[in-house]
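K.L.:
Enclosed is the structure file run.cif (mmCIF, C-alpha atoms).
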data_protein
#
loop_
_atom_site.label_atom_id
_atom_site.label_comp_id
_atom_site.auth_asym_id
_atom_site.auth_seq_id
_atom_site.Cartn_x
_atom_site.Cartn_y
_atom_site.Cartn_z
CA MET V 16 14.98 18.59 35.88
CA SER V 17 12.47 20.94 34.29
CA ALA V 18 9.87 19.76 31.79
CA TYR V 19 11.35 22.19 29.27
CA LEU V 20 14.77 20.57 29.51
CA ILE V 21 13.24 17.09 29.23
CA GLY V 22 11.43 18.25 26.10
CA VAL V 23 14.60 19.64 24.53
CA LEU V 24 16.57 16.48 25.37
CA SER V 25 13.77 14.28 24.00
CA GLY V 26 13.75 16.30 20.77
CA VAL V 27 17.51 15.93 20.37
CA ALA V 28 17.26 12.20 21.16
CA VAL V 29 14.52 11.69 18.55
CA GLY V 30 16.58 13.66 15.99
CA LEU V 31 19.64 11.51 16.67
CA LEU V 32 17.50 8.36 16.48
CA ILE V 33 16.15 9.39 13.07
CA LEU V 34 19.68 10.14 11.84
CA TYR V 35 20.84 6.74 13.13
CA ILE V 36 17.96 4.91 11.42
CA LYS V 37 18.62 6.86 8.22
CA LYS V 38 22.30 5.92 8.21
CA LYS V 39 22.00 2.36 9.47
CA MET V 40 18.97 1.17 7.54
CA GLY V 41 19.40 3.17 4.36
CA PHE V 42 16.10 4.94 4.98
CA CYS V 43 16.03 7.82 2.55
CA GLY V 44 12.85 9.62 3.41
CA ILE V 45 9.53 9.75 1.63
CA LYS V 46 9.70 8.79 -2.01
CA GLY V 47 7.65 11.08 -4.17
CA GLU V 48 7.13 8.88 -7.20
CA TYR V 49 3.51 9.46 -8.05
CA ASP V 50 1.78 8.59 -11.27
CA GLU V 51 -0.61 10.95 -13.06
CA ARG V 52 -3.69 9.83 -11.11
CA GLN V 53 -1.90 10.09 -7.78
CA LEU V 54 -0.59 13.56 -8.64
CA ARG V 55 -4.15 14.65 -9.36
CA ALA V 56 -5.38 13.05 -6.14
CA ARG V 57 -2.65 14.81 -4.18
CA GLY V 58 -3.61 18.12 -5.79
CA ASP V 59 -7.25 17.57 -4.76
CA ALA V 60 -6.12 16.68 -1.24
CA TYR V 61 -4.08 19.92 -1.06
CA LYS V 62 -7.18 21.87 -2.07
CA LYS V 63 -9.34 20.22 0.60
CA GLY V 64 -6.70 20.65 3.29
CA PHE V 65 -6.16 24.28 2.34
CA LEU V 66 -9.89 24.99 2.32
CA VAL V 67 -10.37 23.42 5.77
CA THR V 68 -7.38 25.36 7.14
CA LEU V 69 -8.71 28.58 5.60
CA ILE V 70 -12.22 28.14 7.04
CA LEU V 71 -10.92 27.18 10.50
CA GLY V 72 -8.39 30.05 10.32
CA LEU V 73 -11.22 32.47 9.59
CA VAL V 74 -13.23 31.07 12.50
CA THR V 75 -10.14 31.51 14.69
CA VAL V 76 -9.69 35.14 13.64
CA LEU V 77 -13.40 35.98 13.97
CA ALA V 78 -14.38 33.99 17.06
CA GLY V 79 -11.00 33.54 18.75
CA PRO V 80 -10.83 36.84 20.71
CA SER V 81 -14.22 36.24 22.34
CA MET V 82 -13.17 32.74 23.41
CA GLU V 83 -9.76 33.57 24.80
CA ASN V 84 -10.81 32.81 28.37
CA TYR V 85 -11.51 29.22 27.30
CA ILE V 86 -8.97 28.58 24.54
CA SER V 87 -6.07 30.76 23.42
CA MET V 88 -5.76 32.09 19.87
CA SER V 89 -2.42 30.31 19.43
CA ASN V 90 -4.02 26.98 20.38
CA LEU V 91 -6.94 27.56 18.04
CA GLY V 92 -4.60 28.54 15.19
CA MET V 93 -2.37 25.52 15.65
CA ILE V 94 -5.34 23.17 15.94
CA SER V 95 -6.78 24.64 12.70
CA LEU V 96 -3.49 24.02 10.94
CA LEU V 97 -3.22 20.48 12.29
CA ILE V 98 -6.78 19.62 11.27
CA GLY V 99 -6.09 20.99 7.77
CA LEU V 100 -2.90 18.91 7.51
CA THR V 101 -4.72 15.82 8.75
CA VAL V 102 -7.52 16.30 6.20
CA PHE V 103 -4.89 16.64 3.45
CA ALA V 104 -3.02 13.52 4.59
CA ILE V 105 -6.11 11.34 4.99
CA ASP V 106 -7.62 12.43 1.67
CA ALA V 107 -4.30 11.82 -0.11
CA ILE V 108 -3.92 8.39 1.49
CA MET V 109 -7.50 7.35 0.70
CA HIS V 110 -6.98 8.31 -2.96
CA ASP V 111 -3.68 6.42 -3.33
CA ALA V 112 -1.39 9.45 -3.12
CA LEU V 113 0.13 7.66 -0.18
CA LEU V 114 2.71 10.20 0.98
CA GLY V 115 5.48 7.62 0.71
CA PHE V 116 3.75 5.13 2.99
CA ASP V 117 3.65 2.49 0.29
CA ALA V 118 7.39 2.79 -0.45
CA GLN V 119 8.52 1.65 2.98
CA PRO V 120 5.35 0.94 4.91
CA VAL V 121 6.71 -0.79 8.00
CA ARG V 122 9.44 1.74 8.73
CA ILE V 123 7.24 4.75 8.15
CA ILE V 124 4.35 3.35 10.19
CA VAL V 125 6.69 2.48 13.07
CA ILE V 126 8.29 5.95 13.05
CA TRP V 127 4.92 7.77 12.78
CA LEU V 128 3.36 5.60 15.47
CA LEU V 129 6.33 6.14 17.79
CA LEU V 130 6.19 9.90 17.30
CA GLY V 131 2.38 9.91 17.64
CA LEU V 132 2.39 7.82 20.82
CA THR V 133 5.25 9.87 22.31
CA ASN V 134 3.19 13.01 21.80
CA ILE V 135 0.02 11.40 23.18
CA ILE V 136 1.90 10.18 26.26
CA GLY V 137 3.32 13.70 26.68
CA GLY V 138 -0.18 15.15 26.37
CA ILE V 139 -1.69 12.65 28.81
CA ARG V 140 1.06 13.36 31.32
CA ILE V 141 0.20 17.06 31.19
CA ILE V 142 -3.51 16.29 31.70
CA THR V 143 -2.87 13.98 34.65
CA ASP V 144 -0.49 16.38 36.43
CA GLY V 145 -3.09 19.12 36.11
CA SER V 146 -1.01 21.56 34.05
CA PHE V 147 -3.10 21.14 30.91
CA SER V 148 -4.90 24.31 29.93
CA TRP V 149 -6.72 25.22 26.74
CA ALA V 150 -6.28 28.88 27.54
CA ASP V 151 -2.50 28.63 27.97
CA LYS V 152 -0.88 30.97 25.44
CA ASN V 153 2.13 28.71 25.23
CA CYS V 154 0.46 26.15 22.99
CA GLY V 155 2.97 23.35 23.61
CA ASN V 156 0.85 21.44 26.11
CA VAL V 157 -2.20 21.24 23.85
CA MET V 158 -0.11 20.62 20.75
CA ASN V 159 1.47 17.44 22.13
CA LEU V 160 -1.94 15.89 22.46
CA PHE V 161 -3.31 17.08 19.12
CA LEU V 162 -0.15 16.21 17.18
CA GLY V 163 -0.14 12.74 18.73
CA VAL V 164 -3.79 12.17 17.87
CA ALA V 165 -3.32 13.53 14.32
CA MET V 166 -0.32 11.28 13.63
CA THR V 167 -2.09 8.24 15.04
CA VAL V 168 -5.22 8.98 12.98
CA ILE V 169 -3.08 9.25 9.82
CA VAL V 170 -1.44 5.89 10.54
CA ILE V 171 -4.88 4.33 11.14
CA ALA V 172 -6.05 5.81 7.79
CA PHE V 173 -3.09 4.20 6.05
CA LEU V 174 -3.69 0.81 7.69
CA LEU V 175 -7.38 1.04 6.72
CA LYS V 176 -6.47 1.94 3.14
CA ASN V 177 -4.00 -0.92 3.02
CA LYS V 178 -6.72 -3.31 4.18
CA ILE V 179 -9.18 -2.00 1.58
CA ASP V 180 -6.52 -2.34 -1.14
CA ASN V 181 -5.70 -5.91 -0.15
CA LYS V 182 -9.39 -6.77 -0.19
CA THR V 183 -9.98 -5.30 -3.66
CA GLU V 184 -6.74 -6.59 -5.18
CA GLU V 185 -7.28 -8.14 -8.57
CA ASP V 186 -11.08 -7.96 -8.21
CA MET I 8 -18.33 1.71 -16.87
CA LYS I 9 -15.92 -1.21 -16.55
CA ASN I 10 -13.28 -1.58 -19.26
CA LEU I 11 -13.61 -5.30 -19.87
CA LYS I 12 -11.54 -5.20 -23.07
CA PHE I 13 -8.61 -3.88 -21.08
CA LYS I 14 -9.00 -6.51 -18.39
CA SER I 15 -9.31 -9.38 -20.86
CA ALA I 16 -6.29 -8.17 -22.89
CA ARG I 17 -4.22 -8.10 -19.71
CA ALA I 18 -5.48 -11.51 -18.63
CA ALA I 19 -4.73 -12.94 -22.10
CA LEU I 20 -1.06 -12.08 -21.59
CA ASP I 21 -1.20 -13.57 -18.09
CA LEU I 22 -0.16 -10.27 -16.58
CA SER I 23 -1.27 -9.23 -13.11
CA GLN I 24 -2.32 -5.65 -12.42
CA ASP I 25 0.94 -5.23 -10.56
CA ASP I 26 3.02 -6.54 -13.50
CA LEU I 27 1.31 -4.19 -15.94
CA ALA I 28 1.60 -1.29 -13.50
CA LYS I 29 5.37 -1.83 -13.28
CA ILE I 30 5.71 -1.97 -17.07
CA CYS I 31 3.71 1.25 -17.49
CA GLY I 32 5.36 3.03 -14.54
CA VAL I 33 2.15 3.60 -12.58
CA SER I 34 0.65 2.20 -9.40
CA ARG I 35 -1.40 -1.00 -9.29
CA GLN I 36 -4.33 1.02 -7.98
CA THR I 37 -4.26 3.16 -11.13
CA ILE I 38 -4.52 0.08 -13.37
CA SER I 39 -7.35 -1.18 -11.16
CA ALA I 40 -9.13 2.21 -11.37
CA ILE I 41 -8.88 2.20 -15.19
CA GLU I 42 -10.28 -1.34 -15.38
CA LYS I 43 -13.16 -0.39 -13.11
CA GLY I 44 -13.83 2.75 -15.16
CA ASP I 45 -13.16 4.99 -12.17
CA TYR I 46 -10.33 6.86 -13.88
CA ASN I 47 -9.84 8.18 -17.40
CA PRO I 48 -6.12 7.92 -18.18
CA THR I 49 -4.21 10.52 -20.21
CA ILE I 50 -3.34 9.67 -23.79
CA ASN I 51 0.28 9.03 -22.78
CA LEU I 52 -0.78 6.38 -20.30
CA CYS I 53 -3.23 4.86 -22.80
CA ILE I 54 -0.37 4.54 -25.30
CA ALA I 55 1.91 2.98 -22.68
CA ILE I 56 -0.79 0.45 -21.77
CA CYS I 57 -1.46 -0.41 -25.42
CA LYS I 58 2.25 -0.89 -26.12
CA ALA I 59 2.57 -3.14 -23.07
CA LEU I 60 -0.42 -5.23 -24.16
CA GLY I 61 0.50 -5.24 -27.87
CA LYS I 62 -2.85 -3.70 -28.80
CA THR I 63 -4.04 -0.51 -30.47
CA LEU I 64 -5.88 2.33 -28.76
CA ASP I 65 -9.04 1.28 -30.58
CA ASP I 66 -8.72 -2.30 -29.30
CA ILE I 67 -8.61 -1.25 -25.68
CA PHE I 68 -10.20 2.16 -25.30
CA TRP I 69 -12.70 2.62 -28.12
CA ASP I 70 -16.32 2.09 -27.18
CA GLU I 71 -18.57 0.74 -29.91
#
What would the structure in this file look like if it were written as structure tokens?
P.N.:
Amino acid sequence: MSAYLIGVLSGVAVGLLILYIKKKMGFCGIKGEYDERQLRARGDAYKKGFLVTLILGLVTVLAGPSMENYISMSNLGMISLLIGLTVFAIDAIMHDALLGFDAQPVRIIVIWLLLGLTNIIGGIRIITDGSFSWADKNCGNVMNLFLGVAMTVIVIAFLLKNKIDNKTEED
Amino acid sequence: MKNLKFKSARAALDLSQDDLAKICGVSRQTISAIEKGDYNPTINLCIAICKALGKTLDDIFWDE
């Protein structure tokens, strides 16, 4: 069975799993009930994420063509976007605009961790079988790894924030 | 600068930050940030807090 087919089947399986969890456990997605301070914090996080994406995007456009033997433009572009999204998510979480984490923390952490680890395992598999290539124009192989790392880092940021909050509660 | 008047008014009613946050429709962290002086709330939130604590704006938010 080809890796492509395994990927498609895994995607469908994850989709069905999410639908099942949604139906069975009454999980209704990320709740967006932010107060005025959190809305402002989220707006600031958007700005930071956008700025990082813009700067990295510019670097990709300017420096990408000369680096294409080492890393493809599509990989650089996707990595820029992922870093921007991660900056947004971490900044939002650290300033209490928690992206729904606080509404249903256990479920969301479990789902994010599962997705993150699945992607990391996929990425590691590609590295160990020798098919990993930065210069590959089909950015799927690099993306697995980066997406997995980004999702795991976001979960760690939430756990850290949760710990800080518990420590400072009612101080 | 810490808002000690706010904190003492809340404590006088035996309300936790979480209780007050629920009454005012904000997060506990927002109440904590106001008490610590890290966040300046909008007038709407100030009014909601004062109503919840049974105080006036001057009592809680006016600096002498």
K.L.:
Write out as a list of chain:residue names the residues lying within 10 Å of Leu132 of chain V, counting all atoms listed in the file and excluding same-chain residues fewer than 6 positions away.
P.N.:
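Result of the neighbour search: V:Ile126, V:Gly138, V:Asn159, V:Leu160, V:Leu162, V:Gly163, V:Val164, V:Met166, V:Thr167.
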K.L.:
Dump as JSON, numbers by chain the residues of chain V that approach chain I to within 8 Å, counting all atoms listed in the file.
P.N.:
{"V": [49, 50, 51, 52, 111, 180, 185]}
K.L.:
Decode the PyMOL selection byres ((chain V and resi 105) around 12) for the given file into explicit residues and return them as a PyMOL selection string.
P.N.:
chain V and resi 56-57+59-61+63-64+98-104+106-114+116+165-176
K.L.:
Please provide the set of residues having any atom within 12 Å of Ser25 of chain V, restricted to only C-alpha atoms, with same-chain residues fewer than 5 positions apart removed, written as a list of chain:residue names.
P.N.:
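Here the answer would be V:Ala18, V:Tyr19, V:Leu20, V:Gly30, V:Leu31, V:Leu32, V:Leu130, V:Thr133, V:Asn134, V:Gly137.
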K.L.:
When you draw a straight line from atom CA of Ile30 of chain I to atom CA of Gly115 of chain V, how long is it in Å?
P.N.:
20.2 Å
K.L.:
Between atom CA of Val67 of chain V and atom CA of Leu96 of chain V, what distance in Å does the model show, to one decimal?
P.N.:
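Interatomic distance here is 8.6 Å.
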K.L.:
Just give me the gap between atom CA of Gly22 of chain V and atom CA of Ser95 of chain V in Å, one decimal is fine.
P.N.:
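Interatomic distance here is 23.5 Å.
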K.L.:
Tell me, as a list in words, which residues lie within 12 Å of Trp69 of chain I, counting all atoms listed in the file; anything in the same chain fewer than 6 positions away does not count.
P.N.:
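Close residues of Trp69 of chain I: Asn10, Leu11, Lys12, Phe13, Cys53, Cys57, Lys62 and Thr63 of chain I.
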K.L.:
Please determine, counting all atoms listed in the file, which residue among I:Met8, I:Leu22, I:Ile67, I:Ala28 has the shortest atom-to-atom distance to Ile54 of chain I.
P.N.:
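With all atoms listed in the file as the atom set, the closest residue is I:Ile67.
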K.L.:
Find, counting all atoms listed in the file, the residue in V:Gly131, V:Ser17, V:Lys37, V:Gly92 that gets nearest to Pro80 of chain V.
P.N.:
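Selected residue with least distance to Pro80 of chain V: V:Gly92.
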K.L.:
Since the input is missing atoms for segment 31-65 of chain I, could you rebuild it with N, CA and C atoms and give the result as a PDB file, in the coordinates of the input?
P.N.:
ATOM      1  N   CYS I  31       4.192  -0.082 -17.074  1.00  0.00           N
ATOM      2  CA  CYS I  31       3.710   1.250 -17.490  1.00  0.00           C
ATOM      3  C   CYS I  31       4.214   2.375 -16.572  1.00  0.00           C
ATOM      4  N   GLY I  32       4.836   2.012 -15.456  1.00  0.00           N
ATOM      5  CA  GLY I  32       5.360   3.030 -14.540  1.00  0.00           C
ATOM      6  C   GLY I  32       4.272   3.750 -13.756  1.00  0.00           C
ATOM      7  N   VAL I  33       3.207   3.018 -13.421  1.00  0.00           N
ATOM      8  CA  VAL I  33       2.150   3.600 -12.580  1.00  0.00           C
ATOM      9  C   VAL I  33       1.881   2.654 -11.402  1.00  0.00           C
ATOM     10  N   SER I  34       0.958   3.058 -10.536  1.00  0.00           N
ATOM     11  CA  SER I  34       0.650   2.200  -9.400  1.00  0.00           C
ATOM     12  C   SER I  34      -0.392   1.137  -9.787  1.00  0.00           C
ATOM     13  N   ARG I  35      -0.417   0.049  -9.024  1.00  0.00           N
ATOM     14  CA  ARG I  35      -1.400  -1.000  -9.290  1.00  0.00           C
ATOM     15  C   ARG I  35      -2.818  -0.461  -9.157  1.00  0.00           C
ATOM     16  N   GLN I  36      -2.996   0.451  -8.195  1.00  0.00           N
ATOM     17  CA  GLN I  36      -4.330   1.020  -7.980  1.00  0.00           C
ATOM     18  C   GLN I  36      -4.816   1.796  -9.198  1.00  0.00           C
ATOM     19  N   THR I  37      -3.866   2.403  -9.935  1.00  0.00           N
ATOM     20  CA  THR I  37      -4.260   3.160 -11.130  1.00  0.00           C
ATOM     21  C   THR I  37      -4.761   2.211 -12.216  1.00  0.00           C
ATOM     22  N   ILE I  38      -4.060   1.090 -12.390  1.00  0.00           N
ATOM     23  CA  ILE I  38      -4.520   0.080 -13.370  1.00  0.00           C
ATOM     24  C   ILE I  38      -5.907  -0.423 -12.957  1.00  0.00           C
ATOM     25  N   SER I  39      -6.067  -0.695 -11.665  1.00  0.00           N
ATOM     26  CA  SER I  39      -7.350  -1.180 -11.160  1.00  0.00           C
ATOM     27  C   SER I  39      -8.453  -0.136 -11.411  1.00  0.00           C
ATOM     28  N   ALA I  40      -8.131   1.134 -11.169  1.00  0.00           N
ATOM     29  CA  ALA I  40      -9.130   2.210 -11.370  1.00  0.00           C
ATOM     30  C   ALA I  40      -9.527   2.329 -12.843  1.00  0.00           C
ATOM     31  N   ILE I  41      -8.569   2.137 -13.756  1.00  0.00           N
ATOM     32  CA  ILE I  41      -8.880   2.200 -15.190  1.00  0.00           C
ATOM     33  C   ILE I  41      -9.790   1.029 -15.574  1.00  0.00           C
ATOM     34  N   GLU I  42      -9.465  -0.159 -15.072  1.00  0.00           N
ATOM     35  CA  GLU I  42     -10.280  -1.340 -15.380  1.00  0.00           C
ATOM     36  C   GLU I  42     -11.713  -1.182 -14.862  1.00  0.00           C
ATOM     37  N   LYS I  43     -11.825  -0.564 -13.690  1.00  0.00           N
ATOM     38  CA  LYS I  43     -13.160  -0.390 -13.110  1.00  0.00           C
ATOM     39  C   LYS I  43     -13.911   0.772 -13.758  1.00  0.00           C
ATOM     40  N   GLY I  44     -13.199   1.578 -14.555  1.00  0.00           N
ATOM     41  CA  GLY I  44     -13.830   2.750 -15.160  1.00  0.00           C
ATOM     42  C   GLY I  44     -13.918   3.926 -14.220  1.00  0.00           C
ATOM     43  N   ASP I  45     -13.134   3.886 -13.130  1.00  0.00           N
ATOM     44  CA  ASP I  45     -13.160   4.990 -12.170  1.00  0.00           C
ATOM     45  C   ASP I  45     -12.203   6.118 -12.551  1.00  0.00           C
ATOM     46  N   TYR I  46     -11.317   5.836 -13.499  1.00  0.00           N
ATOM     47  CA  TYR I  46     -10.330   6.860 -13.880  1.00  0.00           C
ATOM     48  C   TYR I  46     -10.111   6.845 -15.380  1.00  0.00           C
ATOM     49  N   ASN I  47     -10.141   8.044 -15.976  1.00  0.00           N
ATOM     50  CA  ASN I  47      -9.840   8.180 -17.400  1.00  0.00           C
ATOM     51  C   ASN I  47      -8.367   8.551 -17.560  1.00  0.00           C
ATOM     52  N   PRO I  48      -7.565   7.634 -18.084  1.00  0.00           N
ATOM     53  CA  PRO I  48      -6.120   7.920 -18.180  1.00  0.00           C
ATOM     54  C   PRO I  48      -5.820   8.959 -19.267  1.00  0.00           C
ATOM     55  N   THR I  49      -4.644   9.588 -19.161  1.00  0.00           N
ATOM     56  CA  THR I  49      -4.210  10.520 -20.210  1.00  0.00           C
ATOM     57  C   THR I  49      -3.819   9.687 -21.434  1.00  0.00           C
ATOM     58  N   ILE I  50      -3.689  10.377 -22.555  1.00  0.00           N
ATOM     59  CA  ILE I  50      -3.340   9.670 -23.790  1.00  0.00           C
ATOM     60  C   ILE I  50      -1.971   8.995 -23.674  1.00  0.00           C
ATOM     61  N   ASN I  51      -1.063   9.628 -22.952  1.00  0.00           N
ATOM     62  CA  ASN I  51       0.280   9.030 -22.780  1.00  0.00           C
ATOM     63  C   ASN I  51       0.197   7.677 -22.063  1.00  0.00           C
ATOM     64  N   LEU I  52      -0.641   7.642 -21.029  1.00  0.00           N
ATOM     65  CA  LEU I  52      -0.780   6.380 -20.300  1.00  0.00           C
ATOM     66  C   LEU I  52      -1.514   5.334 -21.149  1.00  0.00           C
ATOM     67  N   CYS I  53      -2.518   5.790 -21.908  1.00  0.00           N
ATOM     68  CA  CYS I  53      -3.230   4.860 -22.800  1.00  0.00           C
ATOM     69  C   CYS I  53      -2.240   4.214 -23.779  1.00  0.00           C
ATOM     70  N   ILE I  54      -1.357   5.056 -24.334  1.00  0.00           N
ATOM     71  CA  ILE I  54      -0.370   4.540 -25.300  1.00  0.00           C
ATOM     72  C   ILE I  54       0.567   3.539 -24.616  1.00  0.00           C
ATOM     73  N   ALA I  55       1.009   3.886 -23.411  1.00  0.00           N
ATOM     74  CA  ALA I  55       1.910   2.980 -22.680  1.00  0.00           C
ATOM     75  C   ALA I  55       1.225   1.636 -22.416  1.00  0.00           C
ATOM     76  N   ILE I  56      -0.042   1.688 -22.042  1.00  0.00           N
ATOM     77  CA  ILE I  56      -0.790   0.450 -21.770  1.00  0.00           C
ATOM     78  C   ILE I  56      -0.926  -0.373 -23.058  1.00  0.00           C
ATOM     79  N   CYS I  57      -1.285   0.311 -24.155  1.00  0.00           N
ATOM     80  CA  CYS I  57      -1.460  -0.410 -25.420  1.00  0.00           C
ATOM     81  C   CYS I  57      -0.163  -1.055 -25.886  1.00  0.00           C
ATOM     82  N   LYS I  58       0.947  -0.329 -25.739  1.00  0.00           N
ATOM     83  CA  LYS I  58       2.250  -0.890 -26.120  1.00  0.00           C
ATOM     84  C   LYS I  58       2.561  -2.120 -25.271  1.00  0.00           C
ATOM     85  N   ALA I  59       2.284  -2.023 -23.970  1.00  0.00           N
ATOM     86  CA  ALA I  59       2.570  -3.140 -23.070  1.00  0.00           C
ATOM     87  C   ALA I  59       1.715  -4.362 -23.418  1.00  0.00           C
ATOM     88  N   LEU I  60       0.490  -4.116 -23.871  1.00  0.00           N
ATOM     89  CA  LEU I  60      -0.420  -5.230 -24.160  1.00  0.00           C
ATOM     90  C   LEU I  60      -0.363  -5.661 -25.631  1.00  0.00           C
ATOM     91  N   GLY I  61       0.398  -4.914 -26.449  1.00  0.00           N
ATOM     92  CA  GLY I  61       0.500  -5.240 -27.870  1.00  0.00           C
ATOM     93  C   GLY I  61      -0.817  -5.012 -28.606  1.00  0.00           C
ATOM     94  N   LYS I  62      -1.552  -4.012 -28.190  1.00  0.00           N
ATOM     95  CA  LYS I  62      -2.850  -3.700 -28.800  1.00  0.00           C
ATOM     96  C   LYS I  62      -2.861  -2.254 -29.295  1.00  0.00           C
ATOM     97  N   THR I  63      -3.903  -1.909 -30.042  1.00  0.00           N
ATOM     98  CA  THR I  63      -4.040  -0.510 -30.470  1.00  0.00           C
ATOM     99  C   THR I  63      -4.962   0.214 -29.491  1.00  0.00           C
ATOM    100  N   LEU I  64      -4.979   1.536 -29.602  1.00  0.00           N
ATOM    101  CA  LEU I  64      -5.880   2.330 -28.760  1.00  0.00           C
ATOM    102  C   LEU I  64      -7.332   1.924 -28.992  1.00  0.00           C
ATOM    103  N   ASP I  65      -7.667   1.683 -30.252  1.00  0.00           N
ATOM    104  CA  ASP I  65      -9.040   1.280 -30.580  1.00  0.00           C
ATOM    105  C   ASP I  65      -9.409  -0.042 -29.892  1.00  0.00           C
TER     106      ASP I  65
END
